[in-house]
>>> print(open('work.cif').read())   # mmCIF, C-alpha atoms
data_target
loop_
_atom_site.label_atom_id
_atom_site.label_comp_id
_atom_site.auth_asym_id
_atom_site.auth_seq_id
_atom_site.Cartn_x
_atom_site.Cartn_y
_atom_site.Cartn_z
CA MET R 393 -65.08 -74.36 112.92
CA CYS R 394 -62.13 -72.59 111.33
CA ARG R 395 -60.77 -69.46 112.92
CA ASP R 396 -61.92 -67.09 110.15
CA GLU R 397 -65.55 -68.09 110.65
CA LYS R 398 -65.40 -66.76 114.20
CA MET R 399 -64.27 -63.33 113.04
CA LYS R 400 -66.76 -60.48 112.68
CA LYS R 401 -66.33 -57.69 110.17
CA ILE R 402 -66.62 -54.09 111.30
CA ARG R 403 -66.99 -51.28 108.76
CA ILE R 404 -65.80 -47.91 110.02
CA LEU R 405 -66.32 -44.68 108.08
CA SER R 406 -64.82 -41.25 108.78
CA TRP R 407 -65.95 -37.96 107.26
CA ASN R 408 -65.10 -34.30 107.78
CA VAL R 409 -68.58 -32.94 107.11
CA ASN R 410 -67.58 -29.23 107.30
CA GLY R 411 -70.67 -28.37 109.31
CA ILE R 412 -73.26 -30.99 110.27
CA ARG R 413 -76.19 -28.64 109.64
CA ALA R 414 -74.89 -27.81 106.15
CA VAL R 415 -74.29 -31.45 105.19
CA HIS R 416 -77.69 -32.41 106.64
CA ARG R 417 -79.32 -30.10 104.11
CA LYS R 418 -77.42 -31.95 101.38
CA GLY R 419 -78.72 -35.43 102.20
CA PHE R 420 -76.50 -36.63 105.06
CA ALA R 421 -79.30 -38.61 106.76
CA GLU R 422 -80.18 -40.39 103.51
CA TRP R 423 -76.53 -41.23 102.89
CA PHE R 424 -76.17 -42.57 106.44
CA LYS R 425 -79.27 -44.75 106.05
CA SER R 426 -77.97 -46.17 102.77
CA GLU R 427 -74.47 -46.92 104.13
CA ILE R 428 -75.36 -48.15 107.64
CA PRO R 429 -71.72 -48.44 108.81
CA ASP R 430 -70.98 -50.20 112.08
CA ILE R 431 -69.16 -47.07 113.23
CA LEU R 432 -69.24 -43.54 111.80
CA CYS R 433 -66.77 -40.87 112.91
CA ILE R 434 -67.44 -37.31 111.83
CA GLN R 435 -65.27 -34.23 112.21
CA GLU R 436 -65.79 -30.46 112.00
CA THR R 437 -69.40 -30.69 113.11
CA LYS R 438 -69.46 -26.95 114.00
CA ALA R 439 -72.32 -27.67 116.38
CA THR R 440 -73.25 -28.63 119.92
CA ARG R 441 -75.28 -31.79 120.50
CA ARG R 442 -78.41 -29.66 120.80
CA GLN R 443 -77.72 -28.04 117.45
CA PHE R 444 -77.61 -31.35 115.58
CA PRO R 445 -80.76 -31.76 113.48
CA GLU R 446 -83.19 -33.87 115.50
CA ASP R 447 -83.37 -36.79 113.06
CA ILE R 448 -79.60 -37.36 113.30
CA ARG R 449 -79.01 -36.44 116.93
CA ASN R 450 -80.09 -39.93 117.90
CA PHE R 451 -79.95 -42.39 115.03
CA GLU R 452 -81.90 -45.60 115.51
CA GLY R 453 -79.64 -48.54 116.28
CA TYR R 454 -76.65 -46.36 117.22
CA HIS R 455 -75.03 -45.12 120.41
CA THR R 456 -74.06 -41.49 119.91
CA TYR R 457 -71.25 -39.42 121.43
CA PHE R 458 -70.53 -35.74 120.85
CA CYS R 459 -67.51 -33.58 121.63
CA GLU R 460 -67.92 -29.88 121.03
CA ALA R 461 -65.67 -26.84 121.04
CA GLU R 462 -65.97 -24.08 123.60
CA ARG R 463 -66.13 -21.61 120.69
CA LYS R 464 -69.50 -21.65 118.93
CA GLY R 465 -69.75 -22.95 115.36
CA TYR R 466 -66.20 -24.31 115.40
CA SER R 467 -64.49 -27.70 115.21
CA GLY R 468 -66.29 -30.57 117.00
CA VAL R 469 -66.40 -34.35 116.48
CA ALA R 470 -69.11 -36.98 116.85
CA LEU R 471 -69.28 -40.77 116.97
CA TYR R 472 -72.15 -43.03 115.90
CA THR R 473 -71.61 -46.67 116.77
CA LYS R 474 -73.75 -49.81 116.67
CA ILE R 475 -71.27 -51.50 119.02
CA LYS R 476 -71.30 -49.98 122.48
CA PRO R 477 -67.74 -49.10 123.51
CA GLU R 478 -66.41 -50.33 126.83
CA LYS R 479 -65.22 -46.81 127.59
CA VAL R 480 -65.37 -43.37 125.91
CA GLU R 481 -63.08 -40.43 126.61
CA TYR R 482 -63.25 -36.89 125.30
CA GLY R 483 -60.02 -35.10 124.49
CA LEU R 484 -56.35 -35.83 125.12
CA GLY R 485 -56.35 -34.59 128.70
CA ILE R 486 -54.69 -31.29 127.74
CA ASP R 487 -56.85 -28.19 128.18
CA LYS R 488 -55.50 -26.13 125.27
CA PHE R 489 -56.48 -28.91 122.87
CA ASP R 490 -59.58 -30.22 124.57
CA LEU R 491 -61.42 -26.89 124.63
CA GLU R 492 -61.49 -27.08 120.81
CA GLY R 493 -63.47 -30.36 120.86
CA ARG R 494 -61.19 -32.34 118.56
CA THR R 495 -61.05 -35.88 119.94
CA ILE R 496 -63.26 -38.80 120.96
CA ILE R 497 -61.49 -41.99 122.09
CA ALA R 498 -63.61 -45.15 122.22
CA ASP R 499 -62.26 -48.41 123.66
CA TYR R 500 -63.85 -51.46 122.01
CA GLY R 501 -61.66 -54.03 123.74
CA ASP R 502 -60.13 -55.42 120.54
CA PHE R 503 -58.98 -51.91 119.61
CA VAL R 504 -59.13 -48.30 120.73
CA LEU R 505 -60.63 -45.92 118.17
CA PHE R 506 -59.42 -42.32 117.95
CA ASN R 507 -61.81 -40.01 116.08
CA VAL R 508 -59.73 -36.85 115.59
CA TYR R 509 -60.06 -33.52 113.85
CA PHE R 510 -56.43 -32.43 113.73
CA PRO R 511 -55.78 -28.65 113.66
CA ASN R 512 -55.21 -26.63 110.51
CA GLY R 513 -51.94 -24.66 110.52
CA LYS R 514 -52.63 -22.17 107.74
CA MET R 515 -53.79 -19.21 109.82
CA SER R 516 -50.48 -18.26 111.43
CA ARG R 517 -47.14 -19.52 112.73
CA GLU R 518 -48.81 -19.75 116.15
CA ARG R 519 -51.50 -22.09 114.78
CA LEU R 520 -48.87 -24.16 112.97
CA ASN R 521 -47.02 -24.59 116.28
CA TYR R 522 -50.33 -25.52 117.92
CA LYS R 523 -50.92 -28.11 115.20
CA MET R 524 -47.45 -29.65 115.66
CA ASP R 525 -47.92 -29.74 119.44
CA PHE R 526 -51.28 -31.44 118.95
CA TYR R 527 -49.69 -34.04 116.67
CA ASP R 528 -47.13 -34.87 119.35
CA ALA R 529 -49.75 -35.02 122.11
CA PHE R 530 -51.90 -37.37 120.03
CA LEU R 531 -48.97 -39.71 119.32
CA GLU R 532 -47.93 -39.70 122.96
CA HIS R 533 -51.47 -40.63 124.02
CA ALA R 534 -51.73 -43.39 121.40
CA GLU R 535 -48.34 -44.79 122.37
CA LYS R 536 -49.27 -44.83 126.04
CA LEU R 537 -52.26 -47.05 125.21
CA ARG R 538 -50.27 -49.19 122.79
CA LYS R 539 -47.67 -49.87 125.47
CA GLN R 540 -50.53 -51.14 127.66
CA GLY R 541 -51.19 -53.74 124.97
CA LYS R 542 -54.00 -51.88 123.19
CA ASN R 543 -54.43 -51.85 119.42
CA ILE R 544 -54.97 -48.41 117.91
CA VAL R 545 -57.24 -47.37 115.03
CA ALA R 546 -56.98 -43.61 114.45
CA CYS R 547 -59.04 -41.78 111.86
CA GLY R 548 -59.95 -38.28 110.84
CA ASP R 549 -58.88 -35.18 109.01
CA VAL R 550 -55.12 -34.99 109.61
CA ASN R 551 -54.83 -31.74 107.62
CA THR R 552 -51.56 -32.84 105.96
CA ALA R 553 -50.83 -34.60 102.67
CA HIS R 554 -47.96 -37.01 103.30
CA LYS R 555 -46.21 -37.52 99.96
CA GLU R 556 -46.18 -35.80 96.57
CA ILE R 557 -48.57 -38.49 95.32
CA ASP R 558 -51.10 -37.28 97.91
CA LEU R 559 -51.89 -33.93 96.30
CA ALA R 560 -52.40 -32.69 92.77
CA ARG R 561 -49.96 -29.76 92.87
CA PRO R 562 -47.05 -30.66 95.19
CA LYS R 563 -44.55 -28.13 93.80
CA ASP R 564 -47.02 -25.24 94.15
CA ASN R 565 -47.72 -26.14 97.79
CA GLU R 566 -44.28 -26.80 99.26
CA LYS R 567 -44.54 -23.67 101.44
CA VAL R 568 -48.21 -24.06 102.34
CA SER R 569 -49.37 -25.54 105.63
CA GLY R 570 -50.71 -28.98 104.88
CA PHE R 571 -47.61 -29.90 102.88
CA LEU R 572 -44.79 -28.29 104.84
CA PRO R 573 -41.65 -30.37 105.48
CA GLU R 574 -42.22 -30.44 109.25
CA GLU R 575 -45.83 -31.59 108.86
CA ARG R 576 -44.87 -34.35 106.43
CA ALA R 577 -41.96 -35.33 108.69
CA TRP R 578 -44.41 -35.89 111.55
CA ILE R 579 -46.31 -38.45 109.45
CA ASP R 580 -42.93 -40.08 108.71
CA LYS R 581 -42.34 -40.17 112.47
CA LEU R 582 -45.78 -41.70 113.06
CA LEU R 583 -45.05 -44.47 110.56
CA ASP R 584 -41.53 -44.99 111.91
CA THR R 585 -43.01 -45.39 115.40
CA GLY R 586 -44.92 -48.41 114.11
CA TYR R 587 -48.17 -47.13 112.61
CA VAL R 588 -49.52 -47.80 109.14
CA ASP R 589 -51.26 -45.53 106.64
CA THR R 590 -53.86 -48.18 105.85
CA PHE R 591 -55.00 -46.73 102.51
CA ARG R 592 -51.50 -46.91 101.03
CA GLU R 593 -51.24 -50.56 102.04
CA PHE R 594 -54.04 -51.29 99.56
CA ASN R 595 -53.76 -48.52 96.97
CA LYS R 596 -50.56 -47.03 95.53
CA GLU R 597 -52.29 -45.07 92.75
CA PRO R 598 -52.04 -41.29 92.25
CA GLU R 599 -55.04 -38.93 92.15
CA GLN R 600 -56.59 -40.45 95.28
CA TYR R 601 -57.80 -37.37 97.15
CA THR R 602 -60.20 -36.65 100.01
CA TRP R 603 -60.39 -32.84 99.97
CA TRP R 604 -60.94 -30.31 97.19
CA SER R 605 -61.12 -26.54 97.54
CA TYR R 606 -64.56 -25.09 96.91
CA ARG R 607 -62.88 -22.53 94.67
CA THR R 608 -62.10 -22.99 90.97
CA ARG R 609 -64.21 -26.15 90.52
CA ALA R 610 -61.33 -28.15 91.99
CA ARG R 611 -63.43 -31.25 92.61
CA GLU R 612 -64.71 -31.40 89.04
CA ARG R 613 -61.10 -31.37 87.87
CA ASN R 614 -59.89 -33.61 90.75
CA VAL R 615 -57.32 -31.04 91.88
CA GLY R 616 -57.27 -32.26 95.45
CA TRP R 617 -55.36 -33.35 98.54
CA ARG R 618 -55.46 -36.57 100.57
CA LEU R 619 -55.93 -35.19 104.08
CA ASP R 620 -58.14 -37.87 105.67
CA TYR R 621 -56.65 -41.11 106.96
CA PHE R 622 -57.04 -44.32 108.87
CA PHE R 623 -53.90 -45.31 110.78
CA THR R 624 -53.40 -48.45 112.81
CA ASN R 625 -50.50 -49.93 114.72
CA ARG R 626 -48.51 -52.41 112.62
CA GLU R 627 -49.43 -55.31 114.94
CA PHE R 628 -53.13 -54.83 114.13
CA MET R 629 -52.72 -54.41 110.37
CA ASN R 630 -53.54 -58.06 109.62
CA HIS R 631 -57.05 -57.33 110.94
CA VAL R 632 -57.56 -54.59 108.32
CA LYS R 633 -59.23 -56.16 105.28
CA SER R 634 -59.69 -53.02 103.18
CA SER R 635 -59.12 -49.28 103.29
CA PHE R 636 -60.83 -46.97 100.83
CA ILE R 637 -61.83 -43.45 99.77
CA MET R 638 -65.46 -42.66 98.82
CA GLN R 639 -64.76 -39.94 96.26
CA ASP R 640 -68.28 -39.97 94.82
CA VAL R 641 -69.95 -38.89 98.08
CA MET R 642 -70.83 -35.19 97.95
CA GLY R 643 -72.01 -32.74 100.60
CA SER R 644 -68.70 -31.45 102.01
CA ASP R 645 -65.38 -30.26 100.63
CA HIS R 646 -64.08 -33.59 102.03
CA CYS R 647 -65.32 -37.05 101.10
CA PRO R 648 -65.61 -40.00 103.50
CA VAL R 649 -62.89 -42.59 103.96
CA GLY R 650 -63.25 -46.04 105.48
CA VAL R 651 -61.82 -49.35 106.60
CA GLU R 652 -63.14 -52.85 107.11
CA ILE R 653 -61.58 -54.77 109.97
CA SER R 654 -62.09 -58.29 111.32
CA VAL R 655 -62.06 -59.01 115.04
CA HIS R 656 -63.16 -61.87 117.29
#
>>> encode(input="work.cif", output="structure tokens")
Amino acid sequence: MCRDEKMKKIRILSWNVNGIRAVHRKGFAEWFKSEIPDILCIQETKATRRQFPEDIRNFEGYHTYFCEAERKGYSGVALYTKIKPEKVEYGLGIDKFDLEGRTIIADYGDFVLFNVYFPNGKMSRERLNYKMDFYDAFLEHAEKLRKQGKNIVACGDVNTAHKEIDLARPKDNEKVSGFLPEERAWIDKLLDTGYVDTFREFNKEPEQYTWWSYRTRARERNVGWRLDYFFTNREFMNHVKSSFIMQDVMGSDHCPVGVEISVH
């Protein structure tokens, strides 16, 4: 038997749902049943496990993991996975970040999956500093695992558009958090450290966005930003068979993104 025949494909989707209860009212369960990904990472759940609608709190055929913020109705991430991880951790091990419920880390053996809702820096200089500190803490944690020989797959709402091609109005947003030089430079640093923006390995086209403001019918006109990513370490990139944006999926101001990977 040739080597490729022994490989299994895993489809991973990631979606900032901007409130699980809100997206549930807009057909989330039906979408989930139609997609049936091997792994689904969601961000900005704005809910505790108990507050998840009952029909999606435990989804048949999936192991479920929830990480919630101390503050009610804020942040939060969740993981649905057909494949039971060998180990699951919540947070980065730093209290000021972990109390906001932003990270689930699942070790699948072949790779470690980070499901992350990165902070937004628009509120104040203090929140921008918090965001940059979080970025550094995430990278440090990922690098620690990588140096142990682990492969990294990191997904979620990164809250920054990397290049001018990644948002519709780059000139208008040069001084707006989400496209500030220091935020973009951190993504440069991530890539220079040996990680890959998987989507751009497969698609170099403009107008590929994952978030649109609810104001001014931005989505209808595709005036958006690419804020949601899948990153992997360069050594694992040959396992990534596709990376894509699901722009037609409605229900949130973000759309889902995904990858297909092959592992033994």
>>> atom_distance(input="work.cif", atom1="atom CA of R:Leu484", atom2="atom CA of R:Ala529")
7.3 Å
>>> residues_around(input="work.cif", residues="R:Glu422", least_positions_apart="3", cutoff="12 Å", atoms="all atoms listed in the file", output="list in words")
Val415, His416, Arg417, Lys418, Gly419, Lys425, Ser426, Glu427, Ile428, Asp447, Ile448, Phe451, Val641 and Gly643 of chain R
>>> write_last_selection(input="work.cif", atoms="C-alpha atoms", output="PDB file, in the coordinates of the input")
ATOM      1  CA  VAL R 415     -74.290 -31.450 105.190  1.00  0.00           C
ATOM      2  CA  HIS R 416     -77.690 -32.410 106.640  1.00  0.00           C
ATOM      3  CA  ARG R 417     -79.320 -30.100 104.110  1.00  0.00           C
ATOM      4  CA  LYS R 418     -77.420 -31.950 101.380  1.00  0.00           C
ATOM      5  CA  GLY R 419     -78.720 -35.430 102.200  1.00  0.00           C
ATOM      6  CA  LYS R 425     -79.270 -44.750 106.050  1.00  0.00           C
ATOM      7  CA  SER R 426     -77.970 -46.170 102.770  1.00  0.00           C
ATOM      8  CA  GLU R 427     -74.470 -46.920 104.130  1.00  0.00           C
ATOM      9  CA  ILE R 428     -75.360 -48.150 107.640  1.00  0.00           C
ATOM     10  CA  ASP R 447     -83.370 -36.790 113.060  1.00  0.00           C
ATOM     11  CA  ILE R 448     -79.600 -37.360 113.300  1.00  0.00           C
ATOM     12  CA  PHE R 451     -79.950 -42.390 115.030  1.00  0.00           C
ATOM     13  CA  VAL R 641     -69.950 -38.890  98.080  1.00  0.00           C
ATOM     14  CA  GLY R 643     -72.010 -32.740 100.600  1.00  0.00           C
TER      15      GLY R 643
END
>>> closest_atom_pairs(input="work.cif", of="stretch 565-590 of chain R", to="stretch 532-538 of chain R", cutoff="12 Å", atoms="only C-alpha atoms", output="JSON lines")
{"residue": "R:Lys581", "atom": "CA", "partner": "R:Glu532", "partner_atom": "CA", "distance": 11.9}
{"residue": "R:Leu582", "atom": "CA", "partner": "R:Glu535", "partner_atom": "CA", "distance": 10.1}
{"residue": "R:Thr585", "atom": "CA", "partner": "R:Glu535", "partner_atom": "CA", "distance": 8.8}
{"residue": "R:Gly586", "atom": "CA", "partner": "R:Glu535", "partner_atom": "CA", "distance": 9.6}
{"residue": "R:Tyr587", "atom": "CA", "partner": "R:Glu535", "partner_atom": "CA", "distance": 10.0}
>>> closest_residue(input="work.cif", among="R:Ile496, R:Ala546, R:Leu559, R:Leu572", to="R:Glu599", atoms="all atoms listed in the file")
R:Leu559
>>> resolve_selection(input="work.cif", expression="the PyMOL selection byres ((chain R and resi 645) around 7)", output="PyMOL selection string")
chain R and resi 603-606+644+646-647
>>> residues_around(input="work.cif", residues="R:Asp640", least_positions_apart="6", cutoff="12 Å", atoms="only C-alpha atoms", output="list in words")
Trp423, Gln600, Tyr601, Thr602, Trp603, Arg611, Glu612, Asn614, His646, Cys647, Pro648 and Val649 of chain R
>>> resolve_selection(input="work.cif", expression="the PyMOL selection byres ((chain R and resi 553) around 10)", output="MDAnalysis selection string")
chainID R and resid 550:552 554:559 562 569:572 575:576 579 601:602 616:621
